[in-house]
Amino acid sequence: MKEKKKIVKISIITILIICIVFSIFYIKRRNDYIILTEFSPCSARQMMGYAIKTINGKIIIIDGGTTDDAGQLEKYIVDNGSKVDAWFITHPHSDHAGAFEIISQNENIDIEKIYMSVNDKQWYIENEPSRQDDIDMFFPVIEQERIKEKIVEPQINDTIRIDNVTAKILGVKNPEITTNSINNSSMVIKFAVNQKDILFLGDTGTESSEKLIKNQGENLRADIVQVAHHGQAGATEELYKIVKPEICLWPTTQRIWENNMYGTEDDGPWTTKETRKWMEDLKVKVNYLAFNGVQNIKIF
């Protein structure tokens with residue numbers, strides 16, 4: 001009888017220990033998340049801006065949006081300690097780099113490293129003269145001495161560690177591609193965040209998609225993808241089939257989402273509906289739409 005009671009007691013203690021260990025693990029796991037923020041357009045213009053806050057509070061910015069979006073992003077940075085540990089600029093179009101051009105001038109904000117892969121100024125002007133205003137705004141900023149000393153130009157397959165987040169560079173500038181030239185020179189970054197991979201495509205187009213598929217192949221696979229070029233006329237269906245995302249980030253206005261240029265759905269030139277169909281065919285589970293407001297996404 002005593003032996004039986006002893007066995008029962010040991011069993012109860014073992015079960016209690018298992019429950020305590022599981023509870024500790026569960027609580028730690030529940031709180032061990034990283035926040036990905038998708039920013040929302042502050043004007044009628046399309047934009048792209050994202051932030052990742054690491055487990056220890058370090059801040060990573062991807063693009064940031066237009067000059068109109070600078071106030072929104074600046075508040076986020078100030079609220080999180082007035083320091084950016086890593087700022088990635090995919091390409092110098094103003095709807096991606098405009099906020100950076102403003103915030104980088106704020107001496108109360110400390111930017112530790114700026115990662116970008118850019119061609120020389122004349123290349124942009126020659127290959128996309130219609131966007132010379134964008135280039136004329138961007139280059140004077142990055143040529144400032146205090147900004148220039150923080151710029152790092154990554155190479156293909158470089159890995160960058162920021163706290164417990166790793167960024168791998170899958171694509172850089174493509175000077176040989178002169179069709180849709182600036183978009184096709186978007187830097188492409190894959191972040192390893194906890195158990196998830198997040199792929200940022202910037203404004204990757206058809207030609208750079210083909211180059212990425214050839215050079216990276218299955219390395220493009222990711223759980224979460226930022227849909228290229230605001231959801232329309234960007235990366236190819238073949239590229240997304242390789243990525244096989246479960247979640248899509250859409251840096252998109254409602255008008256582009258609905259292909260609504262003149263007040264009626266589908267009266268515009270945008271191909272967003274085609275891209276949406278691709279994602280439906282891939283059985284994407286969740287879509288985060290920038291026009292729905294700033295969204296904080298927990299990545300476990």
# chains A, B, ... in the order shown; residues from 1 in each chain; ligands from 1
>>> closest_atom_pairs(of="stretch 200-297 of chain A", to="stretch 80-95 of chain A", cutoff="8 Å", atoms="only C-alpha atoms", output="JSON lines")
{"residue": "A:Leu201", "atom": "CA", "partner": "A:Thr90", "partner_atom": "CA", "distance": 8.0}
{"residue": "A:Gly202", "atom": "CA", "partner": "A:Thr90", "partner_atom": "CA", "distance": 5.6}
{"residue": "A:Asp203", "atom": "CA", "partner": "A:Thr90", "partner_atom": "CA", "distance": 8.0}
>>> closest_atom_pairs(of="stretch 180-214 of chain A", to="stretch 228-242 of chain A", cutoff="12 Å", atoms="only C-alpha atoms", output="JSON lines")
{"residue": "A:Asn180", "atom": "CA", "partner": "A:Gly234", "partner_atom": "CA", "distance": 10.0}
{"residue": "A:Ile182", "atom": "CA", "partner": "A:His229", "partner_atom": "CA", "distance": 11.4}
{"residue": "A:Asn183", "atom": "CA", "partner": "A:His229", "partner_atom": "CA", "distance": 7.9}
{"residue": "A:Asn184", "atom": "CA", "partner": "A:Gly234", "partner_atom": "CA", "distance": 9.1}
{"residue": "A:Ser186", "atom": "CA", "partner": "A:Ala228", "partner_atom": "CA", "distance": 9.8}
{"residue": "A:Met187", "atom": "CA", "partner": "A:Ala228", "partner_atom": "CA", "distance": 11.5}
{"residue": "A:Val188", "atom": "CA", "partner": "A:Ala228", "partner_atom": "CA", "distance": 10.1}
{"residue": "A:Leu199", "atom": "CA", "partner": "A:Ala228", "partner_atom": "CA", "distance": 10.1}
{"residue": "A:Phe200", "atom": "CA", "partner": "A:Ala228", "partner_atom": "CA", "distance": 7.9}
{"residue": "A:Leu201", "atom": "CA", "partner": "A:Ala228", "partner_atom": "CA", "distance": 5.4}
{"residue": "A:Gly202", "atom": "CA", "partner": "A:Ala228", "partner_atom": "CA", "distance": 5.6}
{"residue": "A:Asp203", "atom": "CA", "partner": "A:His229", "partner_atom": "CA", "distance": 4.0}
{"residue": "A:Thr204", "atom": "CA", "partner": "A:Ala235", "partner_atom": "CA", "distance": 5.5}
{"residue": "A:Gly205", "atom": "CA", "partner": "A:Gly234", "partner_atom": "CA", "distance": 4.4}
{"residue": "A:Thr206", "atom": "CA", "partner": "A:Ala235", "partner_atom": "CA", "distance": 5.5}
{"residue": "A:Glu207", "atom": "CA", "partner": "A:Ala235", "partner_atom": "CA", "distance": 8.5}
{"residue": "A:Ser208", "atom": "CA", "partner": "A:Ala235", "partner_atom": "CA", "distance": 7.9}
{"residue": "A:Ser209", "atom": "CA", "partner": "A:Ala235", "partner_atom": "CA", "distance": 5.6}
{"residue": "A:Glu210", "atom": "CA", "partner": "A:Leu239", "partner_atom": "CA", "distance": 7.8}
{"residue": "A:Lys211", "atom": "CA", "partner": "A:Leu239", "partner_atom": "CA", "distance": 10.1}
{"residue": "A:Leu212", "atom": "CA", "partner": "A:Leu239", "partner_atom": "CA", "distance": 8.1}
{"residue": "A:Ile213", "atom": "CA", "partner": "A:Leu239", "partner_atom": "CA", "distance": 6.4}
{"residue": "A:Lys214", "atom": "CA", "partner": "A:Leu239", "partner_atom": "CA", "distance": 10.1}
>>> closest_atom_pairs(of="stretch 42-66 of chain A", to="stretch 105-118 of chain A", cutoff="12 Å", atoms="only C-alpha atoms", output="tab-separated table")
residue	atom	partner	partner_atom	distance
A:Lys58	CA	A:Glu112	CA	10.8
A:Ile59	CA	A:Ile111	CA	9.8
A:Ile60	CA	A:Lys113	CA	9.7
A:Ile61	CA	A:Ile114	CA	9.4
A:Ile62	CA	A:Tyr115	CA	9.5
A:Asp63	CA	A:Met116	CA	10.0
>>> residues_around(residues="A:Ala44", least_positions_apart="5", cutoff="10 Å", atoms="only C-alpha atoms", output="count of residues only")
5
>>> residues_around(residues="A:Val141", least_positions_apart="5", cutoff="12 Å", atoms="only C-alpha atoms", output="count of residues only")
18
>>> residues_around(residues="A:Tyr50", least_positions_apart="2", cutoff="8 Å", atoms="only C-alpha atoms", output="ChimeraX atom specification")
/A:36-39,48,52,61-64
>>> closest_residue(among="A:Asn260, A:Glu145, A:Ile162, A:Asn215", to="A:Phe191", atoms="only C-alpha atoms")
A:Ile162
>>> atom_distance(atom1="atom CA of A:Ala222", atom2="atom CA of A:Val165")
14.7 Å
>>> atom_distance(atom1="atom CA of A:Tyr33", atom2="atom CA of A:Phe300")
4.6 Å
>>> select_by_dssp(residues="stretch 154-294 of chain A", states="strand (DSSP E)", output="PyMOL selection string")
chain A and resi 159-162+165-171+188-193+196-200+224-226+247-250+286-289
>>> decode(residues="stretch 83-113 of chain A", atoms="N, CA and C atoms", output="PDB file, in the first residue's frame")
ATOM      1  N   LYS A  83      16.157  56.219 -32.370  1.00  0.00           N
ATOM      2  CA  LYS A  83      17.303  55.604 -33.036  1.00  0.00           C
ATOM      3  C   LYS A  83      16.832  54.571 -34.055  1.00  0.00           C
ATOM      4  N   VAL A  84      17.440  54.617 -35.243  1.00  0.00           N
ATOM      5  CA  VAL A  84      17.232  53.587 -36.265  1.00  0.00           C
ATOM      6  C   VAL A  84      18.532  52.805 -36.366  1.00  0.00           C
ATOM      7  N   ASP A  85      18.468  51.516 -36.075  1.00  0.00           N
ATOM      8  CA  ASP A  85      19.679  50.697 -36.093  1.00  0.00           C
ATOM      9  C   ASP A  85      20.072  50.289 -37.504  1.00  0.00           C
ATOM     10  N   ALA A  86      19.085  50.119 -38.378  1.00  0.00           N
ATOM     11  CA  ALA A  86      19.375  49.778 -39.778  1.00  0.00           C
ATOM     12  C   ALA A  86      18.239  50.304 -40.645  1.00  0.00           C
ATOM     13  N   TRP A  87      18.604  51.081 -41.660  1.00  0.00           N
ATOM     14  CA  TRP A  87      17.603  51.625 -42.592  1.00  0.00           C
ATOM     15  C   TRP A  87      17.934  51.097 -43.986  1.00  0.00           C
ATOM     16  N   PHE A  88      17.003  50.332 -44.558  1.00  0.00           N
ATOM     17  CA  PHE A  88      17.177  49.773 -45.895  1.00  0.00           C
ATOM     18  C   PHE A  88      16.363  50.597 -46.894  1.00  0.00           C
ATOM     19  N   ILE A  89      17.019  51.076 -47.938  1.00  0.00           N
ATOM     20  CA  ILE A  89      16.345  51.804 -49.019  1.00  0.00           C
ATOM     21  C   ILE A  89      16.379  50.912 -50.257  1.00  0.00           C
ATOM     22  N   THR A  90      15.200  50.483 -50.731  1.00  0.00           N
ATOM     23  CA  THR A  90      15.193  49.571 -51.877  1.00  0.00           C
ATOM     24  C   THR A  90      15.582  50.290 -53.165  1.00  0.00           C
ATOM     25  N   HIS A  91      15.122  51.544 -53.354  1.00  0.00           N
ATOM     26  CA  HIS A  91      15.467  52.313 -54.550  1.00  0.00           C
ATOM     27  C   HIS A  91      15.028  53.764 -54.324  1.00  0.00           C
ATOM     28  N   PRO A  92      15.534  54.709 -55.127  1.00  0.00           N
ATOM     29  CA  PRO A  92      15.364  56.124 -54.799  1.00  0.00           C
ATOM     30  C   PRO A  92      14.113  56.818 -55.329  1.00  0.00           C
ATOM     31  N   HIS A  93      13.079  56.109 -55.722  1.00  0.00           N
ATOM     32  CA  HIS A  93      11.823  56.773 -56.062  1.00  0.00           C
ATOM     33  C   HIS A  93      11.262  57.459 -54.813  1.00  0.00           C
ATOM     34  N   SER A  94      10.632  58.602 -55.008  1.00  0.00           N
ATOM     35  CA  SER A  94      10.212  59.422 -53.871  1.00  0.00           C
ATOM     36  C   SER A  94       9.128  58.772 -53.017  1.00  0.00           C
ATOM     37  N   ASP A  95       8.349  57.824 -53.586  1.00  0.00           N
ATOM     38  CA  ASP A  95       7.324  57.178 -52.772  1.00  0.00           C
ATOM     39  C   ASP A  95       7.914  56.110 -51.850  1.00  0.00           C
ATOM     40  N   HIS A  96       9.207  55.867 -52.000  1.00  0.00           N
ATOM     41  CA  HIS A  96       9.923  54.945 -51.121  1.00  0.00           C
ATOM     42  C   HIS A  96      10.943  55.678 -50.254  1.00  0.00           C
ATOM     43  N   ALA A  97      11.651  56.645 -50.829  1.00  0.00           N
ATOM     44  CA  ALA A  97      12.773  57.287 -50.139  1.00  0.00           C
ATOM     45  C   ALA A  97      12.474  58.697 -49.645  1.00  0.00           C
ATOM     46  N   GLY A  98      11.295  59.235 -49.959  1.00  0.00           N
ATOM     47  CA  GLY A  98      10.992  60.625 -49.579  1.00  0.00           C
ATOM     48  C   GLY A  98      11.035  60.868 -48.079  1.00  0.00           C
ATOM     49  N   ALA A  99      10.464  59.961 -47.303  1.00  0.00           N
ATOM     50  CA  ALA A  99      10.461  60.130 -45.840  1.00  0.00           C
ATOM     51  C   ALA A  99      11.883  60.087 -45.300  1.00  0.00           C
ATOM     52  N   PHE A 100      12.706  59.203 -45.844  1.00  0.00           N
ATOM     53  CA  PHE A 100      14.122  59.135 -45.447  1.00  0.00           C
ATOM     54  C   PHE A 100      14.819  60.466 -45.687  1.00  0.00           C
ATOM     55  N   GLU A 101      14.548  61.091 -46.821  1.00  0.00           N
ATOM     56  CA  GLU A 101      15.197  62.359 -47.151  1.00  0.00           C
ATOM     57  C   GLU A 101      14.891  63.431 -46.105  1.00  0.00           C
ATOM     58  N   ILE A 102      13.693  63.404 -45.537  1.00  0.00           N
ATOM     59  CA  ILE A 102      13.307  64.370 -44.510  1.00  0.00           C
ATOM     60  C   ILE A 102      13.884  63.981 -43.149  1.00  0.00           C
ATOM     61  N   ILE A 103      13.657  62.741 -42.734  1.00  0.00           N
ATOM     62  CA  ILE A 103      14.020  62.311 -41.379  1.00  0.00           C
ATOM     63  C   ILE A 103      15.533  62.275 -41.179  1.00  0.00           C
ATOM     64  N   SER A 104      16.274  61.976 -42.225  1.00  0.00           N
ATOM     65  CA  SER A 104      17.739  61.927 -42.107  1.00  0.00           C
ATOM     66  C   SER A 104      18.334  63.288 -41.763  1.00  0.00           C
ATOM     67  N   GLN A 105      17.557  64.355 -41.949  1.00  0.00           N
ATOM     68  CA  GLN A 105      18.034  65.704 -41.627  1.00  0.00           C
ATOM     69  C   GLN A 105      17.770  66.090 -40.169  1.00  0.00           C
ATOM     70  N   ASN A 106      17.043  65.247 -39.462  1.00  0.00           N
ATOM     71  CA  ASN A 106      16.736  65.507 -38.055  1.00  0.00           C
ATOM     72  C   ASN A 106      17.905  65.034 -37.201  1.00  0.00           C
ATOM     73  N   GLU A 107      18.660  65.976 -36.640  1.00  0.00           N
ATOM     74  CA  GLU A 107      19.860  65.621 -35.883  1.00  0.00           C
ATOM     75  C   GLU A 107      19.543  64.984 -34.545  1.00  0.00           C
ATOM     76  N   ASN A 108      18.277  65.009 -34.151  1.00  0.00           N
ATOM     77  CA  ASN A 108      17.880  64.354 -32.899  1.00  0.00           C
ATOM     78  C   ASN A 108      17.573  62.869 -33.091  1.00  0.00           C
ATOM     79  N   ILE A 109      17.615  62.422 -34.350  1.00  0.00           N
ATOM     80  CA  ILE A 109      17.403  61.008 -34.647  1.00  0.00           C
ATOM     81  C   ILE A 109      18.725  60.406 -35.090  1.00  0.00           C
ATOM     82  N   ASP A 110      19.117  59.336 -34.424  1.00  0.00           N
ATOM     83  CA  ASP A 110      20.375  58.665 -34.699  1.00  0.00           C
ATOM     84  C   ASP A 110      20.134  57.495 -35.654  1.00  0.00           C
ATOM     85  N   ILE A 111      20.709  57.578 -36.835  1.00  0.00           N
ATOM     86  CA  ILE A 111      20.651  56.466 -37.798  1.00  0.00           C
ATOM     87  C   ILE A 111      22.022  55.818 -37.808  1.00  0.00           C
ATOM     88  N   GLU A 112      22.069  54.547 -37.393  1.00  0.00           N
ATOM     89  CA  GLU A 112      23.368  53.890 -37.264  1.00  0.00           C
ATOM     90  C   GLU A 112      23.914  53.445 -38.617  1.00  0.00           C
ATOM     91  N   LYS A 113      23.127  52.691 -39.397  1.00  0.00           N
ATOM     92  CA  LYS A 113      23.580  52.205 -40.693  1.00  0.00           C
ATOM     93  C   LYS A 113      22.471  52.383 -41.722  1.00  0.00           C
TER      94      LYS A 113
END
